[in-house]
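Dumped final_24.csv below, it's CSV, C-alpha atoms and all ligand atoms:
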chain,number,residue,atom,x,y,z
A,1,MET,CA,-6.6,2.1,-1.5
A,2,PRO,CA,-2.8,2.8,-1.4
A,3,GLU,CA,-0.8,-0.3,-2.5
A,4,LEU,CA,2.9,-1.0,-2.4
A,5,PRO,CA,4.0,1.8,-4.8
A,6,GLU,CA,2.1,4.5,-2.9
A,7,VAL,CA,3.1,3.3,0.5
A,8,GLU,CA,6.8,3.1,-0.6
A,9,THR,CA,6.5,6.7,-1.9
A,10,VAL,CA,5.2,7.7,1.5
A,11,ARG,CA,8.0,5.7,3.2
A,12,ARG,CA,10.7,7.6,1.2
A,13,GLY,CA,9.1,10.9,2.0
A,14,LEU,CA,9.0,10.1,5.7
A,15,GLU,CA,12.6,8.9,5.5
A,16,SER,CA,13.8,12.2,4.2
A,17,ARG,CA,11.7,14.3,6.6
A,18,LEU,CA,11.6,12.4,9.8
A,19,VAL,CA,14.8,10.4,10.4
A,20,GLY,CA,17.0,12.0,13.0
A,21,ARG,CA,14.1,14.1,14.4
A,22,THR,CA,12.7,13.7,17.9
A,23,ILE,CA,9.0,13.4,18.6
A,24,VAL,CA,8.2,16.1,21.2
A,25,ALA,CA,4.4,15.8,21.5
A,26,VAL,CA,1.5,13.7,20.2
A,27,ALA,CA,-2.2,14.5,19.9
A,28,ALA,CA,-4.3,11.4,19.2
A,29,THR,CA,-7.9,12.7,18.9
A,30,GLY,CA,-9.2,10.0,16.5
A,31,ARG,CA,-10.2,7.2,18.9
A,32,ARG,CA,-10.9,4.9,16.0
A,33,THR,CA,-7.5,5.5,14.4
A,34,VAL,CA,-5.7,4.5,17.6
A,35,ARG,CA,-8.2,1.8,18.4
A,36,ARG,CA,-5.4,-0.7,19.2
A,37,HIS,CA,-4.6,1.2,22.4
A,38,ASP,CA,-7.1,0.8,25.3
A,39,ASP,CA,-6.0,4.3,26.4
A,40,PRO,CA,-5.3,6.7,23.5
A,41,ASP,CA,-2.7,8.4,25.7
A,42,ASP,CA,-0.6,5.2,25.5
A,43,LEU,CA,0.5,6.2,22.0
A,44,ALA,CA,2.0,9.5,23.3
A,45,ARG,CA,3.5,7.8,26.3
A,46,LEU,CA,5.3,5.3,24.2
A,47,VAL,CA,6.8,7.6,21.6
A,48,THR,CA,7.2,11.1,23.1
A,49,GLY,CA,10.9,12.2,23.5
A,50,ARG,CA,12.1,9.5,21.2
A,51,ASN,CA,14.2,9.9,18.1
A,52,VAL,CA,13.2,8.5,14.7
A,53,ALA,CA,15.9,6.0,13.6
A,54,ARG,CA,14.5,4.6,10.3
A,55,ILE,CA,11.3,4.0,8.3
A,56,ASP,CA,10.5,0.4,7.2
A,57,ARG,CA,7.8,-1.0,5.0
A,58,HIS,CA,6.3,-4.4,4.6
A,59,GLY,CA,3.5,-4.7,2.0
A,60,LYS,CA,1.1,-1.9,2.8
A,61,TYR,CA,2.4,-1.4,6.4
A,62,LEU,CA,4.7,1.3,7.5
A,63,PHE,CA,7.0,1.1,10.6
A,64,LEU,CA,8.5,4.2,12.1
A,65,VAL,CA,11.3,2.6,14.1
A,66,LEU,CA,12.5,4.8,17.0
A,67,ALA,CA,15.9,4.9,18.5
A,68,ASP,CA,15.0,2.7,21.5
A,69,ALA,CA,13.3,0.2,19.1
A,70,THR,CA,9.7,1.3,19.9
A,71,MET,CA,7.8,1.1,16.6
A,72,ILE,CA,4.9,3.2,15.3
A,73,VAL,CA,2.9,1.1,12.9
A,74,VAL,CA,0.7,2.8,10.3
A,75,HIS,CA,-1.7,1.2,7.8
A,76,LEU,CA,-3.4,3.7,5.5
A,77,ARG,CA,-6.3,1.3,4.5
A,78,MET,CA,-8.9,3.0,2.2
A,79,SER,CA,-8.2,6.7,2.6
A,80,GLY,CA,-5.4,7.3,5.1
A,81,GLN,CA,-2.8,10.0,4.4
A,82,LEU,CA,0.4,10.9,6.2
A,83,LEU,CA,1.2,14.5,5.6
A,84,VAL,CA,4.2,16.5,6.8
A,85,ALA,CA,3.4,20.1,7.6
A,86,GLY,CA,6.4,22.5,7.6
A,87,ASP,CA,4.6,24.9,9.9
A,88,ARG,CA,2.5,23.8,12.8
A,89,ALA,CA,0.3,26.9,12.3
A,90,GLU,CA,-0.8,25.5,9.0
A,91,PRO,CA,-4.6,24.7,9.5
A,92,LEU,CA,-5.5,21.1,10.1
A,93,ARG,CA,-7.4,19.4,7.3
A,94,PRO,CA,-10.8,17.9,8.2
A,95,HIS,CA,-10.4,14.3,9.5
A,96,THR,CA,-7.0,14.8,11.0
A,97,HIS,CA,-6.8,12.1,13.7
A,98,VAL,CA,-3.2,12.0,15.0
A,99,VAL,CA,-0.6,14.8,15.0
A,100,PHE,CA,3.1,14.2,15.9
A,101,ASP,CA,5.1,17.4,16.8
A,102,LEU,CA,8.7,17.2,15.8
A,103,ASP,CA,11.7,19.0,17.3
A,104,ASP,CA,12.3,21.0,14.0
A,105,GLY,CA,8.8,22.6,14.3
A,106,HIS,CA,7.3,20.4,11.6
A,107,GLN,CA,4.3,18.1,12.2
A,108,LEU,CA,3.4,14.7,10.9
A,109,ARG,CA,-0.3,14.5,10.5
A,110,PHE,CA,-2.5,11.4,9.9
A,111,VAL,CA,-5.7,12.3,7.9
A,112,ASP,CA,-8.3,9.7,7.2
A,113,PRO,CA,-11.9,10.5,6.2
A,114,ARG,CA,-13.1,6.9,6.2
A,115,THR,CA,-11.3,6.0,9.5
A,116,PHE,CA,-10.4,2.4,8.4
A,117,GLY,CA,-6.7,3.4,8.8
A,118,GLU,CA,-4.7,2.7,11.9
A,119,VAL,CA,-1.8,4.2,13.9
A,120,PHE,CA,-0.4,2.5,17.0
A,121,ALA,CA,2.9,2.0,18.8
A,122,VAL,CA,4.4,-1.2,20.1
A,123,ALA,CA,7.0,-1.4,22.9
A,124,PRO,CA,10.6,-2.4,22.2
A,125,GLY,CA,11.0,-6.2,21.9
A,126,THR,CA,7.7,-6.7,20.1
A,127,ALA,CA,8.4,-8.8,17.0
A,128,ARG,CA,6.3,-7.9,13.9
A,129,GLY,CA,5.0,-11.4,13.9
A,130,ASP,CA,3.5,-10.9,17.3
A,131,ILE,CA,1.3,-8.0,16.1
A,132,ALA,CA,-2.2,-9.0,15.2
A,133,GLY,CA,-2.8,-8.8,11.5
A,134,LEU,CA,0.9,-8.9,10.7
A,135,ALA,CA,1.6,-12.5,11.8
A,136,LEU,CA,0.1,-14.0,8.7
A,137,LEU,CA,1.5,-11.4,6.2
A,138,GLY,CA,3.3,-13.1,3.3
A,139,PRO,CA,6.6,-11.9,1.9
A,140,ASP,CA,6.8,-8.4,0.5
A,141,ALA,CA,6.0,-8.3,-3.3
A,142,LEU,CA,9.4,-6.8,-4.0
A,143,GLU,CA,11.1,-9.4,-1.9
A,144,ILE,CA,9.4,-12.7,-2.8
A,145,ASP,CA,11.5,-14.9,-5.1
A,146,ARG,CA,10.1,-16.2,-8.3
A,147,ARG,CA,10.2,-19.9,-7.2
A,148,SER,CA,8.2,-19.2,-4.1
A,149,LEU,CA,5.5,-17.2,-5.9
A,150,VAL,CA,5.2,-19.7,-8.7
A,151,ALA,CA,4.7,-22.5,-6.2
A,152,ALA,CA,2.2,-20.5,-4.1
A,153,LEU,CA,0.1,-19.6,-7.2
A,154,ARG,CA,0.1,-23.1,-8.7
A,155,ARG,CA,-1.2,-24.9,-5.7
A,156,ARG,CA,-4.4,-22.9,-5.3
A,157,ARG,CA,-7.8,-23.4,-7.0
A,158,VAL,CA,-8.6,-19.7,-7.0
A,159,GLY,CA,-8.5,-17.0,-9.6
A,160,VAL,CA,-5.0,-15.5,-10.0
A,161,LYS,CA,-6.2,-12.0,-9.3
A,162,THR,CA,-7.6,-13.1,-5.9
A,163,LEU,CA,-4.3,-14.8,-5.2
A,164,LEU,CA,-2.2,-11.7,-6.0
A,165,MET,CA,-4.4,-9.6,-3.7
A,166,ASP,CA,-4.2,-12.1,-0.8
A,167,GLN,CA,-1.7,-10.5,1.6
A,168,ARG,CA,-0.9,-13.9,3.2
A,169,ILE,CA,0.6,-15.0,-0.2
A,170,VAL,CA,2.3,-11.8,-1.2
A,171,ALA,CA,2.1,-8.5,0.6
A,172,GLY,CA,1.5,-5.1,-1.1
A,173,VAL,CA,-0.6,-5.8,-4.2
A,174,GLY,CA,-4.2,-4.7,-4.4
A,175,ASN,CA,-6.9,-4.0,-6.9
A,176,ILE,CA,-5.0,-1.5,-9.1
A,177,TYR,CA,-1.7,-3.3,-9.5
A,178,SER,CA,-3.2,-6.8,-9.8
A,179,ASP,CA,-5.0,-5.6,-13.0
A,180,GLU,CA,-1.8,-4.1,-14.4
A,181,ILE,CA,0.3,-7.1,-13.5
A,182,LEU,CA,-2.1,-9.6,-15.1
A,183,HIS,CA,-2.4,-7.5,-18.2
A,184,ARG,CA,1.4,-7.6,-18.7
A,185,ALA,CA,1.5,-11.3,-17.9
A,186,ARG,CA,-1.3,-11.8,-20.5
A,187,LEU,CA,-3.5,-13.7,-18.1
A,188,ARG,CA,-7.2,-13.2,-17.3
A,189,PHE,CA,-8.0,-12.4,-13.7
A,190,ASP,CA,-10.1,-15.6,-13.3
A,191,ARG,CA,-7.5,-18.1,-14.5
A,192,ARG,CA,-7.1,-20.4,-11.5
A,193,GLY,CA,-3.6,-20.7,-10.0
A,194,VAL,CA,-3.7,-24.5,-10.3
A,195,ASP,CA,-4.2,-24.3,-14.0
A,196,LEU,CA,-1.2,-22.0,-14.7
A,197,SER,CA,1.9,-23.5,-16.4
A,198,ALA,CA,5.2,-22.8,-14.6
A,199,ALA,CA,6.0,-20.4,-17.4
A,200,ALA,CA,2.7,-18.4,-17.0
A,201,ALA,CA,3.2,-18.2,-13.2
A,202,GLY,CA,6.7,-17.1,-13.8
A,203,ARG,CA,5.4,-14.3,-16.0
A,204,VAL,CA,3.2,-13.1,-13.1
A,205,HIS,CA,6.3,-12.8,-10.9
A,206,HIS,CA,8.3,-10.9,-13.7
A,207,SER,CA,5.3,-8.6,-14.4
A,208,MET,CA,4.7,-7.9,-10.7
A,209,VAL,CA,8.3,-6.7,-10.1
A,210,GLU,CA,8.3,-4.7,-13.4
A,211,VAL,CA,5.0,-3.0,-12.7
A,212,LEU,CA,5.7,-2.2,-9.0
A,213,VAL,CA,9.2,-0.9,-9.7
A,214,GLU,CA,7.9,1.4,-12.5
A,215,ALA,CA,5.0,2.6,-10.3
A,216,VAL,CA,7.4,3.5,-7.5
A,217,GLU,CA,9.5,5.4,-10.0
A,218,HIS,CA,6.3,7.4,-10.8
A,219,ARG,CA,5.5,7.9,-7.2
A,220,GLY,CA,2.4,5.7,-7.3
A,221,SER,CA,-1.1,6.1,-8.8
A,222,SER,CA,-3.6,8.8,-7.9
A,223,LEU,CA,-7.1,8.0,-9.3
A,224,ALA,CA,-10.0,10.4,-9.7
A,225,ASP,CA,-10.8,10.4,-6.0
A,226,GLU,CA,-7.3,12.0,-5.3
A,227,GLN,CA,-7.2,10.1,-2.0
A,228,TYR,CA,-3.6,9.1,-2.4
A,229,VAL,CA,-1.0,11.8,-2.1
A,230,ASP,CA,2.6,11.8,-0.8
A,231,VAL,CA,3.8,13.4,2.4
A,232,ASP,CA,3.9,16.8,0.6
A,233,GLY,CA,0.3,16.4,-0.7
A,234,ARG,CA,1.4,15.7,-4.2
A,235,PRO,CA,-0.4,13.0,-6.3
A,236,GLY,CA,1.4,10.2,-8.1
A,237,THR,CA,1.7,10.0,-11.9
A,238,PHE,CA,1.6,6.3,-12.7
A,239,GLN,CA,-2.1,6.4,-13.4
A,240,SER,CA,-1.3,8.0,-16.8
A,241,LEU,CA,0.6,4.8,-17.7
A,242,HIS,CA,-2.1,2.3,-16.6
A,243,ARG,CA,-2.8,-0.1,-19.5
A,244,VAL,CA,-6.2,-1.3,-18.2
A,245,HIS,CA,-7.0,-0.3,-14.6
A,246,ALA,CA,-9.9,2.3,-14.4
A,247,ARG,CA,-9.9,2.5,-18.3
A,248,ALA,CA,-13.2,0.7,-19.2
A,249,GLY,CA,-14.1,1.5,-22.8
A,250,GLN,CA,-10.8,3.1,-23.5
A,251,PRO,CA,-8.3,1.4,-25.8
A,252,CYS,CA,-6.1,-1.3,-24.3
A,253,GLY,CA,-2.6,0.0,-23.8
A,254,ALA,CA,-1.2,-2.9,-25.9
A,255,CYS,CA,-3.7,-3.8,-28.7
A,256,GLY,CA,-6.2,-0.9,-28.8
A,257,ARG,CA,-9.3,-3.1,-28.2
A,258,PRO,CA,-11.7,-1.4,-25.6
A,259,VAL,CA,-10.8,-2.4,-22.0
A,260,GLU,CA,-13.6,-4.3,-20.3
A,261,ARG,CA,-14.8,-4.2,-16.7
A,262,ALA,CA,-16.0,-7.2,-14.7
A,263,ARG,CA,-17.5,-7.0,-11.2
A,264,THR,CA,-16.1,-9.5,-8.8
A,265,GLY,CA,-16.8,-9.4,-5.0
A,266,GLY,CA,-17.9,-5.8,-5.1
A,267,ARG,CA,-14.7,-4.6,-6.9
A,268,SER,CA,-14.1,-3.7,-10.5
A,269,THR,CA,-11.6,-5.7,-12.5
A,270,TYR,CA,-10.3,-4.3,-15.7
A,271,PHE,CA,-8.9,-6.5,-18.5
A,272,CYS,CA,-8.4,-6.9,-22.2
A,273,ARG,CA,-10.2,-9.8,-23.7
A,274,ARG,CA,-7.7,-10.0,-26.6
A,275,CYS,CA,-4.4,-9.7,-24.7
A,276,GLN,CA,-5.4,-11.7,-21.6
A,277,ARG,CA,-6.3,-15.4,-21.9
B,1,ZN,ZN,-5.2,-5.7,-25.5

What is this structure when it is put down as structure tokens?
Amino acid sequence: MPELPEVETVRRGLESRLVGRTIVAVAATGRRTVRRHDDPDDLARLVTGRNVARIDRHGKYLFLVLADATMIVVHLRMSGQLLVAGDRAEPLRPHTHVVFDLDDGHQLRFVDPRTFGEVFAVAPGTARGDIAGLALLGPDALEIDRRSLVAALRRRRVGVKTLLMDQRIVAGVGNIYSDEILHRARLRFDRRGVDLSAAAAGRVHHSMVEVLVEAVEHRGSSLADEQYVDVDGRPGTFQSLHRVHARAGQPCGACGRPVERARTGGRSTYFCRRCQR
């Protein structure tokens, strides 16, 4: 699932390709993708003829803000991809659910095999906090200050990995980056927040910023499934710098001991027993 670095990479791609362009037509064929609209034609009605002013991101959500303040909200979830096609004659990939035609002849296409992703538009004047699912979103992982994160972690009796992945506490971190952050912070995934010293919780904040900034510089992580690609269809490169995630049995990036995998809540967690306590 795309996390902050992948979504930020998509945001930057959209910024360079879409800002200043006008949306001239919309085809929303994926009913599940546009499920927030009672009538799928509402998406086209809200955005057609409007100019793209800027692209924002909060956690894993993208906001295409139009000139009249209408917003297109996109969440990629498990397998969503936003691709820019330079030529509208380019064949559509399977599982293309929404196509935006732009005034320069390019198309923005939302592709999503598993259909958990969402695309919807909200009218001008709608605050992000009024949108279901966004109201409870915590601060973005690259915005939250150290003191707030330290306090939020240290008052909860839950494993620190679960806390980092809780979008109400901090938005943007998921299964991949929580493993990498905790490895750099030298903490096991199941250490409870309430048991962390202020110094240890501070290391989580420091490592989180460090890992996410590096991952953005490397345009995110594309794992073996190749589901994450940028707007030009290119995979990221940060996976080659992972120290533990998806590296079970391979040497830890810091000490060389084989990385271990634990199963928690249906997900795989990767960690080094020597480096993380
Ligand atoms: Zn190690």

**Prompt:** A:Leu43, A:Ser197, A:Asp87, A:Leu142: which is nearest Val213 in chain A, counting all atoms listed in the file?
**Reply:** A:Leu142

**Message:** Any residue with an atom at most 8 Å from ligand ZN 1 (chain B) counts, using only C-alpha atoms and all ligand atoms. Which are they? Put them as a ChimeraX atom specification.
**Reply:** /A:251-259,271-276

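Closest to Val10 in chain A among A:Pro124, A:Gly105, A:Gly80, A:Pro139 is A:Gly80, based on all atoms listed in the file.
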
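Candidate residues A:Leu136, A:Ala27, A:Val209, A:Val229 were compared for distance to Gln167 in chain A, and the nearest is A:Leu136, using all atoms listed in the file.
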
**Request:** Determine, counting all atoms listed in the file, every residue of protein, DNA or RNA that lies within 10 Å of (-6.8, 2.7, -16.6) in the file coordinates, then give the result as a ChimeraX atom specification.
**Result:** /A:176,179-180,223,238-253,259,270-271

**Request:** Provide the CA of Val173 in chain A to CA of Leu4 in chain A distance in Å, to one decimal place.
**Result:**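 Between CA of Val173 in chain A and CA of Leu4 in chain A the gap works out to 6.2 Å.
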
**Message:** Just to confirm, what's the straight-line distance from CA of Arg128 in chain A to CA of Asn51 in chain A in Å (one decimal)?
**Reply:**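 These atoms are spaced 19.9 Å apart.
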
**Request:** Give me, please, the distance in Å between CA of Arg31 in chain A and CA of His97 in chain A, quoted to one decimal.
**Result:** 7.9 Å

How would you write as a PDB file with C-alpha atoms, in the coordinates of the input the residues that get within 9 Å of (14.0, 13.9, 10.7) in the file's frame, counting all atoms listed in the file?
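Okay, part.pdb is ready:
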ATOM      1  CA  LEU A  14       9.000  10.100   5.700  1.00  0.00           C
ATOM      2  CA  GLU A  15      12.600   8.900   5.500  1.00  0.00           C
ATOM      3  CA  SER A  16      13.800  12.200   4.200  1.00  0.00           C
ATOM      4  CA  ARG A  17      11.700  14.300   6.600  1.00  0.00           C
ATOM      5  CA  LEU A  18      11.600  12.400   9.800  1.00  0.00           C
ATOM      6  CA  VAL A  19      14.800  10.400  10.400  1.00  0.00           C
ATOM      7  CA  GLY A  20      17.000  12.000  13.000  1.00  0.00           C
ATOM      8  CA  ARG A  21      14.100  14.100  14.400  1.00  0.00           C
ATOM      9  CA  THR A  22      12.700  13.700  17.900  1.00  0.00           C
ATOM     10  CA  ASN A  51      14.200   9.900  18.100  1.00  0.00           C
ATOM     11  CA  VAL A  52      13.200   8.500  14.700  1.00  0.00           C
ATOM     12  CA  ALA A  53      15.900   6.000  13.600  1.00  0.00           C
ATOM     13  CA  LEU A 102       8.700  17.200  15.800  1.00  0.00           C
ATOM     14  CA  ASP A 103      11.700  19.000  17.300  1.00  0.00           C
ATOM     15  CA  ASP A 104      12.300  21.000  14.000  1.00  0.00           C
TER      16      ASP A 104
END

**Message:** My list of candidates is A:Glu8, A:Glu217, A:Leu164, A:Arg146. Which is closest to Arg203 in chain A when distances are computed with all atoms listed in the file?
**Reply:**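 Using all atoms listed in the file, Arg203 in chain A sits closest to A:Arg146.
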
**Asked** Of the candidates A:Ala121, A:Val170, A:Ala152, A:Val34, which shows the shortest atom-to-atom distance to His58 in chain A, using all atoms listed in the file?
**Response**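 Using all atoms listed in the file, the shortest distance to His58 in chain A belongs to A:Val170.
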
**Request:** For Gly59 in chain A, list every protein, DNA or RNA residue within 12 Å, evaluated using only C-alpha atoms, and leave out those in the same chain fewer than 6 positions away; present the list as a PyMOL selection string.
**Result:** chain A and resi 2-8+11+74-77+134+136-144+165-174+212

**Residue neighbourhood Ile181 in chain A, 7 Å, all atoms listed in the file, exclusion window fewer than 3 positions, as a VMD selection string** = chain A and resid 177 to 178 184 to 185 204 207 to 208 211

Fewer than 2 positions away in the same chain doesn't count, so skip those; otherwise give me all residues within 12 Å of range 91-93 of chain A, counting only C-alpha atoms, as a PDB file with C-alpha atoms, keeping the file's coordinate frame.
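Written output follows (result-v8.pdb):
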ATOM      1  CA  GLN A  81      -2.800  10.000   4.400  1.00  0.00           C
ATOM      2  CA  LEU A  82       0.400  10.900   6.200  1.00  0.00           C
ATOM      3  CA  LEU A  83       1.200  14.500   5.600  1.00  0.00           C
ATOM      4  CA  VAL A  84       4.200  16.500   6.800  1.00  0.00           C
ATOM      5  CA  ALA A  85       3.400  20.100   7.600  1.00  0.00           C
ATOM      6  CA  GLY A  86       6.400  22.500   7.600  1.00  0.00           C
ATOM      7  CA  ASP A  87       4.600  24.900   9.900  1.00  0.00           C
ATOM      8  CA  ARG A  88       2.500  23.800  12.800  1.00  0.00           C
ATOM      9  CA  ALA A  89       0.300  26.900  12.300  1.00  0.00           C
ATOM     10  CA  HIS A  95     -10.400  14.300   9.500  1.00  0.00           C
ATOM     11  CA  THR A  96      -7.000  14.800  11.000  1.00  0.00           C
ATOM     12  CA  HIS A  97      -6.800  12.100  13.700  1.00  0.00           C
ATOM     13  CA  VAL A  98      -3.200  12.000  15.000  1.00  0.00           C
ATOM     14  CA  VAL A  99      -0.600  14.800  15.000  1.00  0.00           C
ATOM     15  CA  GLN A 107       4.300  18.100  12.200  1.00  0.00           C
ATOM     16  CA  LEU A 108       3.400  14.700  10.900  1.00  0.00           C
ATOM     17  CA  ARG A 109      -0.300  14.500  10.500  1.00  0.00           C
ATOM     18  CA  PHE A 110      -2.500  11.400   9.900  1.00  0.00           C
ATOM     19  CA  VAL A 111      -5.700  12.300   7.900  1.00  0.00           C
ATOM     20  CA  ASP A 112      -8.300   9.700   7.200  1.00  0.00           C
ATOM     21  CA  PRO A 113     -11.900  10.500   6.200  1.00  0.00           C
ATOM     22  CA  GLY A 233       0.300  16.400  -0.700  1.00  0.00           C
TER      23      GLY A 233
END

**Message:** Report as JSON, numbers by chain all protein, DNA and RNA residues lying within 8 Å of Arg156 in chain A, evaluated on all atoms listed in the file, omitting residues in the same chain fewer than 5 positions from it.
**Reply:** {"A": [192, 193, 194]}

**Nearest candidate to Ile131 in chain A (options A:Ala151, A:Leu46, A:Ile72, A:Ala215; using all atoms listed in the file)** =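 Ranking A:Ala151, A:Leu46, A:Ile72, A:Ala215 by distance to Ile131 in chain A, first place goes to A:Ile72.
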